file start.cif (mmCIF, C-alpha atoms and all ligand atoms)
data_final
loop_
_atom_site.label_atom_id
_atom_site.label_comp_id
_atom_site.auth_asym_id
_atom_site.auth_seq_id
_atom_site.Cartn_x
_atom_site.Cartn_y
_atom_site.Cartn_z
CA MET A 193 8.23 16.19 10.27
CA ASN A 194 9.59 15.52 6.82
CA GLU A 195 12.75 13.41 6.84
CA PHE A 196 13.66 14.58 3.31
CA ARG A 197 15.01 18.08 3.82
CA TYR A 198 17.63 20.42 2.44
CA ARG A 199 20.85 20.87 4.34
CA LYS A 200 23.04 23.55 2.85
CA ASN A 201 20.92 23.43 -0.31
CA THR A 202 21.38 19.73 -0.89
CA LEU A 203 18.51 17.32 -0.33
CA CYS A 204 19.11 14.80 2.44
CA ALA A 205 17.28 11.67 3.51
CA GLU A 206 17.64 11.91 7.30
CA GLY A 207 21.42 12.37 7.67
CA VAL A 208 22.47 11.16 4.22
CA SER A 209 22.77 13.21 1.06
CA VAL A 210 20.43 12.05 -1.69
CA GLY A 211 23.01 12.95 -4.34
CA SER A 212 25.58 10.63 -2.77
CA LEU A 213 23.07 7.76 -2.76
CA ALA A 214 22.21 8.40 -6.41
CA ALA A 215 25.91 8.39 -7.27
CA LYS A 216 26.46 5.12 -5.40
CA TYR A 217 23.34 3.17 -6.40
CA GLY A 218 22.30 4.82 -9.65
CA THR A 219 18.88 6.08 -10.70
CA PRO A 220 15.94 5.67 -10.70
CA LEU A 221 16.30 5.02 -7.00
CA TYR A 222 13.75 4.67 -4.23
CA ILE A 223 14.93 6.00 -0.88
CA TYR A 224 13.00 5.40 2.36
CA SER A 225 13.36 6.93 5.80
CA ALA A 226 13.19 4.38 8.62
CA ASN A 227 12.50 7.11 11.15
CA HIS A 228 9.52 8.39 9.22
CA LEU A 229 8.07 4.88 9.20
CA ARG A 230 8.55 4.47 12.94
CA ARG A 231 7.18 7.90 13.72
CA GLN A 232 4.00 7.32 11.72
CA TYR A 233 3.42 3.96 13.37
CA ARG A 234 3.94 5.41 16.83
CA ALA A 235 1.69 8.39 16.14
CA LEU A 236 -1.14 6.10 15.10
CA ALA A 237 -0.63 3.68 17.99
CA GLU A 238 -0.59 6.61 20.42
CA ALA A 239 -3.73 8.20 18.96
CA MET A 240 -5.58 4.87 19.12
CA LYS A 241 -4.16 3.72 22.45
CA ASP A 242 -7.51 3.62 24.26
CA VAL A 243 -8.57 0.65 22.13
CA LYS A 244 -5.11 -0.92 21.80
CA PRO A 245 -5.57 -1.96 18.18
CA LEU A 246 -3.54 -4.59 16.42
CA ILE A 247 -2.09 -2.41 13.66
CA CYS A 248 -1.62 -4.67 10.66
CA TYR A 249 0.61 -2.88 8.17
CA SER A 250 -0.87 -3.27 4.69
CA VAL A 251 1.96 -4.99 2.85
CA LYS A 252 0.68 -4.05 -0.62
CA ALA A 253 1.66 -0.42 0.02
CA ASN A 254 5.34 -1.34 0.08
CA SER A 255 6.34 -4.96 0.34
CA ASN A 256 10.09 -4.67 0.77
CA ALA A 257 11.23 -6.96 3.62
CA ALA A 258 13.11 -4.12 5.30
CA VAL A 259 9.95 -1.99 5.38
CA ILE A 260 7.87 -4.88 6.72
CA ARG A 261 10.52 -5.59 9.34
CA THR A 262 10.63 -1.97 10.47
CA PHE A 263 6.92 -2.12 11.32
CA MET A 264 7.15 -5.58 12.87
CA ASP A 265 9.88 -4.30 15.16
CA GLU A 266 7.35 -1.71 16.37
CA GLY A 267 4.88 -4.49 17.17
CA ALA A 268 2.82 -4.41 13.98
CA GLY A 269 0.89 -7.29 12.49
CA LEU A 270 0.41 -7.52 8.72
CA ASP A 271 -2.47 -7.25 6.27
CA ILE A 272 -1.84 -9.39 3.18
CA VAL A 273 -3.76 -10.02 -0.04
CA SER A 274 -1.99 -12.90 -1.73
CA GLY A 275 0.09 -16.01 -1.23
CA GLY A 276 3.02 -13.94 -2.46
CA GLU A 277 2.54 -11.39 0.31
CA LEU A 278 2.25 -14.22 2.84
CA PHE A 279 5.53 -15.60 1.57
CA ARG A 280 7.16 -12.18 1.87
CA ALA A 281 5.74 -11.69 5.36
CA LEU A 282 7.00 -15.05 6.64
CA ARG A 283 10.37 -14.50 5.00
CA ALA A 284 10.60 -11.20 6.86
CA GLY A 285 9.98 -13.11 10.10
CA ALA A 286 6.29 -12.26 10.66
CA ASP A 287 4.27 -13.88 13.41
CA PRO A 288 1.36 -15.61 11.59
CA SER A 289 -0.92 -15.03 14.56
CA LYS A 290 -0.77 -11.32 13.64
CA ILE A 291 -1.56 -11.74 9.93
CA VAL A 292 -4.95 -11.04 8.34
CA PHE A 293 -5.64 -12.08 4.75
CA ALA A 294 -7.96 -9.98 2.52
CA GLY A 295 -8.91 -10.04 -1.18
CA VAL A 296 -11.86 -11.05 -3.35
CA GLY A 297 -10.21 -13.89 -5.24
CA LYS A 298 -8.23 -16.11 -2.90
CA THR A 299 -7.29 -19.39 -4.59
CA THR A 300 -7.39 -22.82 -2.95
CA GLU A 301 -3.57 -22.87 -2.87
CA GLU A 302 -3.40 -19.48 -1.17
CA ILE A 303 -6.04 -20.45 1.39
CA GLU A 304 -4.33 -23.73 2.25
CA TYR A 305 -0.98 -21.98 2.55
CA ALA A 306 -2.48 -19.49 5.03
CA ILE A 307 -4.37 -22.14 7.02
CA LYS A 308 -1.20 -24.19 7.40
CA GLN A 309 0.47 -21.10 8.85
CA ASN A 310 -2.45 -20.58 11.26
CA ILE A 311 -2.97 -16.89 10.44
CA LEU A 312 -5.19 -14.76 12.67
CA PHE A 313 -8.13 -14.61 10.26
CA PHE A 314 -9.29 -14.40 6.67
CA THR A 315 -11.35 -11.39 5.72
CA VAL A 316 -13.98 -13.00 3.54
CA GLU A 317 -15.71 -11.27 0.66
CA SER A 318 -18.37 -13.77 -0.49
CA GLU A 319 -20.30 -16.88 0.55
CA PRO A 320 -18.51 -19.16 -1.96
CA GLU A 321 -15.20 -18.01 -0.53
CA ALA A 322 -16.34 -18.99 2.97
CA SER A 323 -17.29 -22.45 1.65
CA ARG A 324 -13.93 -22.84 -0.02
CA ILE A 325 -12.07 -21.84 3.13
CA SER A 326 -14.13 -24.34 5.14
CA ALA A 327 -13.35 -27.11 2.66
CA CYS A 328 -9.63 -26.28 2.73
CA ALA A 329 -9.62 -26.24 6.54
CA GLY A 330 -11.49 -29.56 6.64
CA LYS A 331 -8.94 -31.13 4.33
CA LEU A 332 -6.15 -29.92 6.62
CA LYS A 333 -8.10 -30.96 9.75
CA LYS A 334 -8.06 -27.40 11.04
CA LYS A 335 -10.50 -24.61 11.75
CA ALA A 336 -10.08 -21.23 10.06
CA ARG A 337 -11.27 -17.92 11.50
CA LEU A 338 -13.37 -15.66 9.27
CA ALA A 339 -14.18 -11.96 9.39
CA PHE A 340 -16.76 -11.13 6.75
CA ARG A 341 -16.03 -7.90 4.89
CA VAL A 342 -19.01 -5.59 4.86
CA ASN A 343 -19.51 -3.18 2.00
CA PRO A 344 -21.22 -0.31 3.83
CA ASP A 345 -21.99 1.65 0.65
CA VAL A 346 -20.44 4.93 1.71
CA ASP A 347 -18.65 7.43 -0.49
CA PRO A 348 -15.06 7.87 0.73
CA ARG A 349 -14.64 10.91 -1.54
CA THR A 350 -11.44 9.66 -3.07
CA HIS A 351 -10.37 8.62 -6.58
CA LYS A 352 -12.86 6.13 -8.04
CA TYR A 353 -10.15 3.48 -8.52
CA ILE A 354 -9.32 3.47 -4.81
CA SER A 355 -12.86 3.66 -3.54
CA THR A 356 -13.79 0.20 -2.22
CA GLY A 357 -16.85 0.59 -0.02
CA LYS A 358 -19.54 1.67 -2.49
CA LYS A 359 -22.23 -0.68 -3.69
CA GLU A 360 -20.90 -0.76 -7.24
CA ASN A 361 -17.47 -1.93 -6.04
CA LYS A 362 -16.52 -5.60 -6.12
CA PHE A 363 -15.54 -5.66 -2.46
CA GLY A 364 -17.34 -7.18 0.51
CA LEU A 365 -20.94 -8.16 1.10
CA ASP A 366 -23.92 -5.82 1.09
CA ALA A 367 -24.54 -4.82 4.69
CA GLU A 368 -28.08 -6.26 4.51
CA ARG A 369 -26.75 -9.69 3.57
CA THR A 370 -23.98 -9.96 6.11
CA ILE A 371 -25.92 -11.53 8.98
CA GLU A 372 -27.41 -14.16 6.71
CA ALA A 373 -23.99 -14.93 5.20
CA CYS A 374 -22.53 -15.33 8.68
CA GLU A 375 -25.40 -17.61 9.72
CA LEU A 376 -24.72 -19.83 6.73
CA ALA A 377 -20.96 -19.78 7.20
CA GLY A 378 -21.44 -20.50 10.90
CA LYS A 379 -22.85 -23.89 9.93
CA LEU A 380 -19.80 -24.82 7.88
CA PRO A 381 -17.58 -27.36 9.66
CA GLY A 382 -14.18 -25.85 8.92
CA VAL A 383 -14.65 -22.23 10.02
CA GLU A 384 -15.66 -20.02 12.92
CA ILE A 385 -17.07 -16.52 12.71
CA ALA A 386 -14.39 -14.38 14.29
CA GLY A 387 -15.31 -10.85 13.27
CA ILE A 388 -16.31 -8.18 10.79
CA HIS A 389 -14.08 -6.26 8.43
CA MET A 390 -14.48 -3.09 6.43
CA HIS A 391 -12.16 -1.08 4.21
CA ILE A 392 -13.90 1.71 2.36
CA GLY A 393 -11.06 3.08 0.26
CA SER A 394 -7.68 4.75 0.26
CA GLN A 395 -6.36 8.30 0.59
CA ILE A 396 -9.40 9.44 2.59
CA LEU A 397 -8.88 12.92 3.95
CA SER A 398 -11.96 13.46 6.11
CA VAL A 399 -13.37 11.52 9.04
CA GLN A 400 -17.00 11.49 7.91
CA PRO A 401 -16.78 8.47 5.59
CA PHE A 402 -15.23 6.42 8.40
CA ALA A 403 -17.94 7.57 10.80
CA HIS A 404 -20.70 6.69 8.31
CA ALA A 405 -19.23 3.28 7.65
CA LEU A 406 -18.88 2.48 11.36
CA GLU A 407 -22.45 3.54 11.93
CA LYS A 408 -23.53 1.08 9.25
CA VAL A 409 -21.64 -1.90 10.72
CA LYS A 410 -22.65 -1.19 14.33
CA ASP A 411 -25.87 -3.20 14.39
CA ILE A 412 -24.30 -6.02 12.45
CA CYS A 413 -21.60 -6.33 15.12
CA VAL A 414 -24.13 -6.22 17.96
CA GLN A 415 -26.19 -9.00 16.40
CA LEU A 416 -23.23 -11.19 15.51
CA LYS A 417 -21.75 -10.83 18.97
CA GLN A 418 -24.98 -12.20 20.42
CA ARG A 419 -25.16 -15.08 17.97
CA PHE A 420 -21.54 -16.26 17.84
CA PRO A 421 -19.44 -16.71 20.98
CA SER A 422 -16.36 -16.79 18.70
CA PHE A 423 -17.12 -13.26 17.38
CA ARG A 424 -14.49 -10.91 18.78
CA TYR A 425 -12.77 -8.75 16.10
CA LEU A 426 -13.71 -5.56 14.34
CA ASP A 427 -11.24 -4.82 11.56
CA ILE A 428 -11.65 -1.22 10.41
CA GLY A 429 -9.26 -1.45 7.45
CA GLY A 430 -6.91 1.30 6.30
CA GLY A 431 -7.48 4.36 4.17
CA ILE A 432 -6.08 7.25 6.21
CA GLY A 433 -5.03 9.93 3.71
CA ILE A 434 -1.71 11.74 3.60
CA LYS A 435 -0.42 15.03 2.27
CA TYR A 436 0.71 14.84 -1.36
CA ARG A 437 0.52 18.54 -2.25
CA VAL A 438 1.96 21.61 -0.64
CA GLY A 439 -0.88 23.10 1.39
CA GLN A 440 -2.94 19.91 1.46
CA GLN A 441 -4.37 18.97 4.87
CA GLU A 442 -3.62 15.35 5.77
CA LEU A 443 -5.95 13.40 8.00
CA LEU A 444 -4.25 13.63 11.37
CA PRO A 445 -4.28 10.43 13.43
CA GLU A 446 -5.64 12.34 16.45
CA LEU A 447 -8.60 13.56 14.43
CA TYR A 448 -9.24 10.13 13.01
CA ALA A 449 -9.00 8.59 16.49
CA ARG A 450 -11.33 11.19 17.99
CA THR A 451 -14.03 9.97 15.62
CA VAL A 452 -13.50 6.23 15.63
CA VAL A 453 -12.29 5.49 19.17
CA PRO A 454 -15.52 6.40 21.06
CA PHE A 455 -17.45 4.16 18.70
CA LEU A 456 -14.94 1.30 19.01
CA ARG A 457 -14.94 1.50 22.80
CA LYS A 458 -18.69 1.08 22.87
CA MET A 459 -18.45 -1.99 20.65
CA GLY A 460 -16.15 -3.78 23.11
CA LEU A 461 -14.46 -5.82 20.36
CA ALA A 462 -10.76 -6.36 19.69
CA VAL A 463 -9.78 -3.75 17.11
CA VAL A 464 -7.67 -4.47 14.03
CA MET A 465 -6.47 -1.76 11.62
CA GLU A 466 -4.83 -2.04 8.20
CA PRO A 467 -3.03 1.21 7.36
CA GLY A 468 -0.64 1.29 4.42
CA ARG A 469 -0.24 4.70 2.83
CA PHE A 470 -0.36 6.54 6.16
CA LEU A 471 2.64 4.56 7.40
CA VAL A 472 4.90 4.69 4.33
CA GLY A 473 3.61 7.22 1.78
CA ASN A 474 5.65 10.20 2.90
CA GLY A 475 8.52 7.98 4.00
CA GLY A 476 9.84 7.52 0.47
CA ILE A 477 11.10 9.45 -2.54
CA LEU A 478 11.93 8.39 -6.07
CA VAL A 479 15.13 9.95 -7.36
CA CYS A 480 15.58 10.30 -11.11
CA ARG A 481 18.11 11.85 -13.45
CA VAL A 482 17.19 14.23 -16.25
CA GLN A 483 18.16 12.75 -19.60
CA TYR A 484 17.00 15.45 -21.99
CA ILE A 485 15.02 18.64 -22.05
CA LYS A 486 13.03 19.07 -25.22
CA ASN A 487 10.55 21.59 -26.52
CA ASN A 488 7.84 21.25 -29.06
CA ALA A 489 5.66 24.04 -30.42
CA TYR A 490 3.39 23.78 -27.37
CA LYS A 491 5.40 22.86 -24.35
CA LYS A 492 8.55 21.77 -22.65
CA PHE A 493 9.28 18.17 -21.69
CA VAL A 494 11.77 17.18 -19.04
CA VAL A 495 12.64 13.58 -19.86
CA THR A 496 13.98 11.57 -16.92
CA ASP A 497 15.15 8.01 -16.41
CA ALA A 498 12.12 7.24 -14.19
CA ALA A 499 8.90 6.29 -15.90
CA MET A 500 5.41 4.97 -15.37
CA ASN A 501 6.86 1.49 -14.85
CA ASP A 502 8.65 2.89 -11.76
CA LEU A 503 5.79 5.01 -10.44
CA ILE A 504 2.42 4.45 -12.04
CA ARG A 505 0.30 6.59 -9.71
CA PRO A 506 0.25 9.73 -11.92
CA SER A 507 -0.70 7.72 -15.02
CA LEU A 508 -3.22 5.52 -13.24
CA TYR A 509 -4.90 7.90 -10.83
CA ASP A 510 -3.81 11.33 -12.04
CA ALA A 511 -1.99 11.42 -8.74
CA HIS A 512 -0.02 14.51 -7.78
CA HIS A 513 3.55 14.21 -6.50
CA GLU A 514 5.65 17.24 -5.59
CA ILE A 515 8.92 17.42 -7.54
CA VAL A 516 12.04 18.97 -6.03
CA ALA A 517 15.60 19.35 -7.20
CA VAL A 518 18.25 17.42 -5.32
CA GLU A 519 20.49 20.50 -5.49
CA LYS A 520 18.20 23.33 -4.49
CA THR A 521 17.29 25.93 -7.07
CA SER A 522 14.72 28.69 -7.13
CA ASP A 523 14.59 28.76 -10.95
CA MET A 524 11.53 27.12 -12.40
CA ILE A 525 10.35 26.01 -15.82
CA HIS A 526 6.86 25.06 -16.88
CA GLY A 527 6.21 21.74 -18.58
CA ASP A 528 5.76 17.99 -18.21
CA LEU A 529 8.03 15.61 -16.37
CA VAL A 530 7.99 12.45 -18.44
CA GLY A 531 9.72 9.11 -18.71
CA PRO A 532 11.16 7.24 -21.69
CA ILE A 533 8.22 4.81 -22.10
CA CYS A 534 6.37 4.69 -25.40
CA GLU A 535 3.02 5.88 -24.06
CA SER A 536 1.64 9.41 -23.90
CA GLY A 537 0.34 8.37 -20.49
CA ASP A 538 3.92 8.05 -19.28
CA PHE A 539 4.30 11.12 -17.14
CA ILE A 540 5.19 11.88 -13.54
CA ALA A 541 3.99 15.48 -13.52
CA LYS A 542 1.94 17.31 -16.14
CA ASP A 543 1.70 21.03 -16.84
CA ARG A 544 3.60 21.95 -13.74
CA ASN A 545 6.22 24.35 -12.55
CA LEU A 546 9.32 22.20 -12.24
CA PRO A 547 12.74 22.97 -10.83
CA ALA A 548 14.91 24.23 -13.66
CA ILE A 549 17.81 21.87 -13.64
CA GLY A 550 19.75 20.91 -16.71
CA GLN A 551 20.55 17.64 -18.38
CA ASP A 552 22.01 15.06 -15.94
CA GLY A 553 20.60 16.91 -12.94
CA LEU A 554 18.76 15.00 -10.23
CA LEU A 555 15.11 15.39 -9.27
CA ALA A 556 13.25 13.82 -6.36
CA VAL A 557 9.61 12.76 -6.66
CA GLN A 558 8.14 13.12 -3.20
CA SER A 559 5.57 11.01 -1.31
CA ALA A 560 6.55 7.92 -3.29
CA GLY A 561 6.85 5.45 -0.41
CA ALA A 562 3.41 3.85 -0.83
CA TYR A 563 2.17 2.16 -4.00
CA GLY A 564 5.40 3.20 -5.72
CA PHE A 565 7.83 0.34 -6.03
CA SER A 566 5.15 -2.20 -5.13
CA MET A 567 3.19 -1.25 -8.28
CA SER A 568 6.25 -1.07 -10.50
CA SER A 569 6.73 -3.31 -13.53
CA ASN A 570 9.14 -4.24 -16.29
CA TYR A 571 7.10 -2.58 -19.05
CA ASN A 572 9.24 -1.63 -22.05
CA SER A 573 11.71 -4.18 -20.66
CA ARG A 574 12.96 -1.72 -18.12
CA THR A 575 14.73 -3.14 -15.09
CA ARG A 576 13.14 -2.15 -11.80
CA ALA A 577 14.80 0.41 -9.56
CA ALA A 578 17.01 -0.20 -6.55
CA GLU A 579 15.69 0.61 -3.06
CA VAL A 580 17.65 2.09 -0.18
CA MET A 581 16.61 2.60 3.42
CA VAL A 582 18.21 5.38 5.45
CA ASP A 583 18.30 5.22 9.22
CA GLY A 584 19.94 8.29 10.76
CA SER A 585 23.32 8.63 9.13
CA LYS A 586 23.37 5.09 7.74
CA ALA A 587 22.06 3.91 4.37
CA PHE A 588 21.26 0.30 3.50
CA LEU A 589 20.66 -1.13 0.05
CA ILE A 590 17.42 -3.06 0.61
CA ARG A 591 16.83 -4.15 -2.98
CA LYS A 592 19.36 -4.41 -5.74
CA ARG A 593 18.63 -2.82 -9.09
CA GLU A 594 17.41 -5.50 -11.47
CA THR A 595 19.80 -6.74 -14.13
CA LEU A 596 19.10 -7.55 -17.76
CA ASP A 597 19.25 -11.23 -16.80
CA ASP A 598 16.49 -10.63 -14.24
CA LEU A 599 14.32 -9.40 -17.09
CA VAL A 600 14.33 -12.75 -18.87
CA LYS A 601 14.52 -14.99 -15.80
CA GLY A 602 11.94 -17.71 -16.24
CA GLU A 603 11.49 -17.24 -19.99
CA ILE A 604 11.79 -20.39 -22.06
CA LEU A 605 11.97 -20.66 -25.84
CA PRO A 606 9.90 -23.46 -27.34
CA VAL A 607 12.31 -26.34 -28.13
CA ALA A 608 11.63 -26.18 -31.87
CA ARG A 609 12.68 -22.53 -31.98
CA ARG A 610 15.95 -22.88 -30.10
CA ARG A 611 18.86 -21.78 -32.17
CA GLY A 612 20.67 -24.81 -33.57
CA SER A 613 17.63 -27.03 -33.13
CA LYS A 614 17.23 -29.32 -36.16
CA LYS A 615 13.45 -29.52 -35.82
C1 LIG B 701 -8.30 -4.51 2.44
C2 LIG B 701 -7.33 -3.38 2.47
N1 LIG B 701 -6.83 -3.00 3.67
C3 LIG B 701 -5.94 -1.99 3.75
C4 LIG B 701 -5.53 -1.29 2.65
C5 LIG B 701 -4.53 -0.18 2.82
O1 LIG B 701 -5.07 1.03 2.47
P1 LIG B 701 -4.29 2.38 2.73
O2 LIG B 701 -2.96 2.23 2.10
O3 LIG B 701 -5.10 3.42 2.09
O4 LIG B 701 -4.21 2.57 4.21
C6 LIG B 701 -6.05 -1.64 1.39
C7 LIG B 701 -5.66 -0.89 0.19
O5 LIG B 701 -6.08 -1.11 -0.91
C8 LIG B 701 -6.98 -2.72 1.30
O6 LIG B 701 -7.50 -3.08 0.13
#
call {"tool": "encode", "arguments": {"input": "start.cif", "output": "structure tokens"}}
result
Amino acid sequence: MNEFRYRKNTLCAEGVSVGSLAAKYGTPLYIYSANHLRRQYRALAEAMKDVKPLICYSVKANSNAAVIRTFMDEGAGLDIVSGGELFRALRAGADPSKIVFAGVGKTTEEIEYAIKQNILFFTVESEPEASRISACAGKLKKKARLAFRVNPDVDPRTHKYISTGKKENKFGLDAERTIEACELAGKLPGVEIAGIHMHIGSQILSVQPFAHALEKVKDICVQLKQRFPSFRYLDIGGGIGIKYRVGQQELLPELYARTVVPFLRKMGLAVVMEPGRFLVGNGGILVCRVQYIKNNAYKKFVVTDAAMNDLIRPSLYDAHHEIVAVEKTSDMIHGDLVGPICESGDFIAKDRNLPAIGQDGLLAVQSAGAYGFSMSSNYNSRTRAAEVMVDGSKAFLIRKRETLDDLVKGEILPVARRRGSKK
């Protein structure tokens, strides 16, 4: 069920009118539906209930504390990829024993920070990383748990930038090398081999790639289980695809579960999952206001106050987002929906039928809850958008719009250049 629906021709987020939120908080504005988030989490937990997974919400998808907290209240753990995400997670009240830490380039500082917090495990992407974690743990007189990430070399049939389990990708270890890497790491004093991890990509719409990947890690798990008494986790990553286009078939959690659960039951390991997009993607919209409508000899451009710095997915991945008017209209125009940034790549929709609303009208970019705000930037010195979470008939500002002072926070002029300096 979509929580962003028209009531009497005006778009509402659950029980709150989107227009009223735009008037109160300004635009561009991200709006999230708490009930969508909860429903997605519950649907996945229900579909996977036979293996009782620890569902670690992938914080990179949307790292707002209110979003993290909504999932934690449902019982979720967290999947993080940086010291910054660990900081956010702890600030939101996360239980470190439900945090897993991924990423190919963890620094010594990040590793020590996570070891001090006693997180559940690190997903480890190379032998040198395992050595570094062991050294950090030794220094802190602790033992860290490792789950080596296997690169199963399967094609997830998704955009090449979000494919992470093919041999040419930087992620994980070749399947053939995993046992040897674990044997070596098993001899390191500061770590124990706790499990295996895989994450083959994002926005995956069919079950086959998951099935292929699981098939490839099966023997590795069997062997490691025999060799290491500490081996107990199989982390199957995230990647479940959602519906971005009208008519697109999302990967239903029941279908996904029907493929992976029988396999996971046979493995007899504790299951960890890391969904991001599935949980938040369709739980958010980006509301923008039309500034100008201009024509050139070839096409029409609808220029809004949201740009690639607010939502980079169309520019980066050619991603498709449905665009709807906040006040319903059946009139359409054909053209590009663009932002004010000085790049031809700054577009939100290209060569599309768009709702025909005039200057100052409001548009909503749908399916913007995942990898929207979390990938936003200050490019062109644009302040980042405000974020609001709606829960039933209540709306909460969960991130203030940035101010001009926020833009320059942390900048320092060299002493010699300060105005009034005699040097
Ligand atoms: C290691 C890892 N786990 C989980 C995720 C979440 O993926 P998704 O949002 O597609 O579920 C990602 C996304 O890049 C990832 O890199």
call {"tool": "residues_around", "arguments": {"input": "start.cif", "residues": "Phe420 in chain A", "least_positions_apart": "3", "cutoff": "9 Å", "atoms": "all atoms listed in the file", "output": "list in words"}}
result
Gly378, Glu384, Ile385, Ala386, Gln415, Leu416, Lys417, Phe423 and Arg424 of chain A
call {"tool": "closest_atom_pairs", "arguments": {"input": "start.cif", "of": "chain A", "to": "ligand LIG 701 (chain B)", "cutoff": "10 Å", "atoms": "all atoms listed in the file", "output": "CSV"}}
result
residue,atom,partner,partner_atom,distance
A:Cys248,CA,B:LIG701,C3,8.6
A:Tyr249,CA,B:LIG701,C5,7.9
A:Ser250,CA,B:LIG701,C5,5.1
A:Val251,CA,B:LIG701,C5,8.1
A:Lys252,CA,B:LIG701,C7,7.1
A:Ala253,CA,B:LIG701,O2,5.7
A:Asn254,CA,B:LIG701,O2,9.3
A:Leu270,CA,B:LIG701,C3,9.8
A:Asp271,CA,B:LIG701,N1,6.6
A:Ile272,CA,B:LIG701,N1,8.1
A:Val273,CA,B:LIG701,C1,7.6
A:Val292,CA,B:LIG701,C1,9.4
A:Phe293,CA,B:LIG701,C1,8.3
A:Ala294,CA,B:LIG701,C1,5.5
A:Gly295,CA,B:LIG701,C1,6.6
A:Val296,CA,B:LIG701,C1,9.4
A:Thr315,CA,B:LIG701,C1,8.2
A:Arg341,CA,B:LIG701,C1,8.8
A:Tyr353,CA,B:LIG701,O5,9.8
A:Ile354,CA,B:LIG701,O5,6.8
A:Ser355,CA,B:LIG701,O5,8.7
A:Thr356,CA,B:LIG701,O6,7.5
A:Phe363,CA,B:LIG701,C1,8.8
A:Gly364,CA,B:LIG701,C1,9.6
A:His389,CA,B:LIG701,C1,8.5
A:Met390,CA,B:LIG701,C1,7.5
A:His391,CA,B:LIG701,C1,5.5
A:Ile392,CA,B:LIG701,C8,8.3
A:Gly393,CA,B:LIG701,O3,6.2
A:Ser394,CA,B:LIG701,O3,3.4
A:Gln395,CA,B:LIG701,O3,5.3
A:Ile396,CA,B:LIG701,O3,7.4
A:Asp427,CA,B:LIG701,N1,9.2
A:Ile428,CA,B:LIG701,N1,8.5
A:Gly429,CA,B:LIG701,N1,4.8
A:Gly430,CA,B:LIG701,O4,3.6
A:Gly431,CA,B:LIG701,O3,3.3
A:Ile432,CA,B:LIG701,O4,5.4
A:Gly433,CA,B:LIG701,O3,6.7
A:Ile434,CA,B:LIG701,O3,9.1
A:Met465,CA,B:LIG701,C3,7.9
A:Glu466,CA,B:LIG701,C3,4.6
A:Pro467,CA,B:LIG701,O4,3.6
A:Gly468,CA,B:LIG701,O2,3.4
A:Arg469,CA,B:LIG701,O2,3.7
A:Phe470,CA,B:LIG701,O4,5.9
A:Leu471,CA,B:LIG701,O4,7.8
A:Val472,CA,B:LIG701,O2,8.5
A:Gly473,CA,B:LIG701,O2,8.3
A:Ala562,CA,B:LIG701,O2,7.2
A:Tyr563,CA,B:LIG701,O2,8.0
call {"tool": "residues_around", "arguments": {"input": "start.cif", "residues": "range 486-500 of chain A", "least_positions_apart": "4", "cutoff": "6 Å", "atoms": "only C-alpha atoms", "output": "list of chain:residue names"}}
result
A:Pro220, A:Cys480, A:Arg481, A:Val482, A:Ile504, A:Gly527, A:Asp528, A:Leu529, A:Val530, A:Gly531, A:Asp538
call {"tool": "residues_near_point", "arguments": {"input": "start.cif", "point": "(-17.9, -20.6, -2.0)", "cutoff": "12 Å", "atoms": "all atoms listed in the file", "output": "number ranges by chain"}}
result
A: 296-300, 316-328, 373, 376-377, 380
call {"tool": "write_last_selection", "arguments": {"input": "start.cif", "atoms": "C-alpha atoms", "output": "mmCIF file, keeping the file's coordinate frame"}}
result
data_model
loop_
_atom_site.group_PDB
_atom_site.id
_atom_site.type_symbol
_atom_site.label_atom_id
_atom_site.label_comp_id
_atom_site.auth_asym_id
_atom_site.auth_seq_id
_atom_site.Cartn_x
_atom_site.Cartn_y
_atom_site.Cartn_z
ATOM 1 C CA VAL A 296 -11.860 -11.050 -3.350
ATOM 2 C CA GLY A 297 -10.210 -13.890 -5.240
ATOM 3 C CA LYS A 298 -8.230 -16.110 -2.900
ATOM 4 C CA THR A 299 -7.290 -19.390 -4.590
ATOM 5 C CA THR A 300 -7.390 -22.820 -2.950
ATOM 6 C CA VAL A 316 -13.980 -13.000 3.540
ATOM 7 C CA GLU A 317 -15.710 -11.270 0.660
ATOM 8 C CA SER A 318 -18.370 -13.770 -0.490
ATOM 9 C CA GLU A 319 -20.300 -16.880 0.550
ATOM 10 C CA PRO A 320 -18.510 -19.160 -1.960
ATOM 11 C CA GLU A 321 -15.200 -18.010 -0.530
ATOM 12 C CA ALA A 322 -16.340 -18.990 2.970
ATOM 13 C CA SER A 323 -17.290 -22.450 1.650
ATOM 14 C CA ARG A 324 -13.930 -22.840 -0.020
ATOM 15 C CA ILE A 325 -12.070 -21.840 3.130
ATOM 16 C CA SER A 326 -14.130 -24.340 5.140
ATOM 17 C CA ALA A 327 -13.350 -27.110 2.660
ATOM 18 C CA CYS A 328 -9.630 -26.280 2.730
ATOM 19 C CA ALA A 373 -23.990 -14.930 5.200
ATOM 20 C CA LEU A 376 -24.720 -19.830 6.730
ATOM 21 C CA ALA A 377 -20.960 -19.780 7.200
ATOM 22 C CA LEU A 380 -19.800 -24.820 7.880
#
call {"tool": "closest_residue", "arguments": {"input": "start.cif", "among": "A:Arg591, A:Lys216, A:Lys290, A:Lys410", "to": "Pro245 in chain A", "atoms": "all atoms listed in the file"}}
result
A:Lys290
call {"tool": "closest_residue", "arguments": {"input": "start.cif", "among": "A:Leu461, A:Val208, A:Val452, A:Leu203", "to": "Ser585 in chain A", "atoms": "only C-alpha atoms"}}
result
A:Val208
call {"tool": "atom_distance", "arguments": {"input": "start.cif", "atom1": "CA of Pro454 in chain A", "atom2": "CA of Tyr425 in chain A"}}
result
16.2 Å
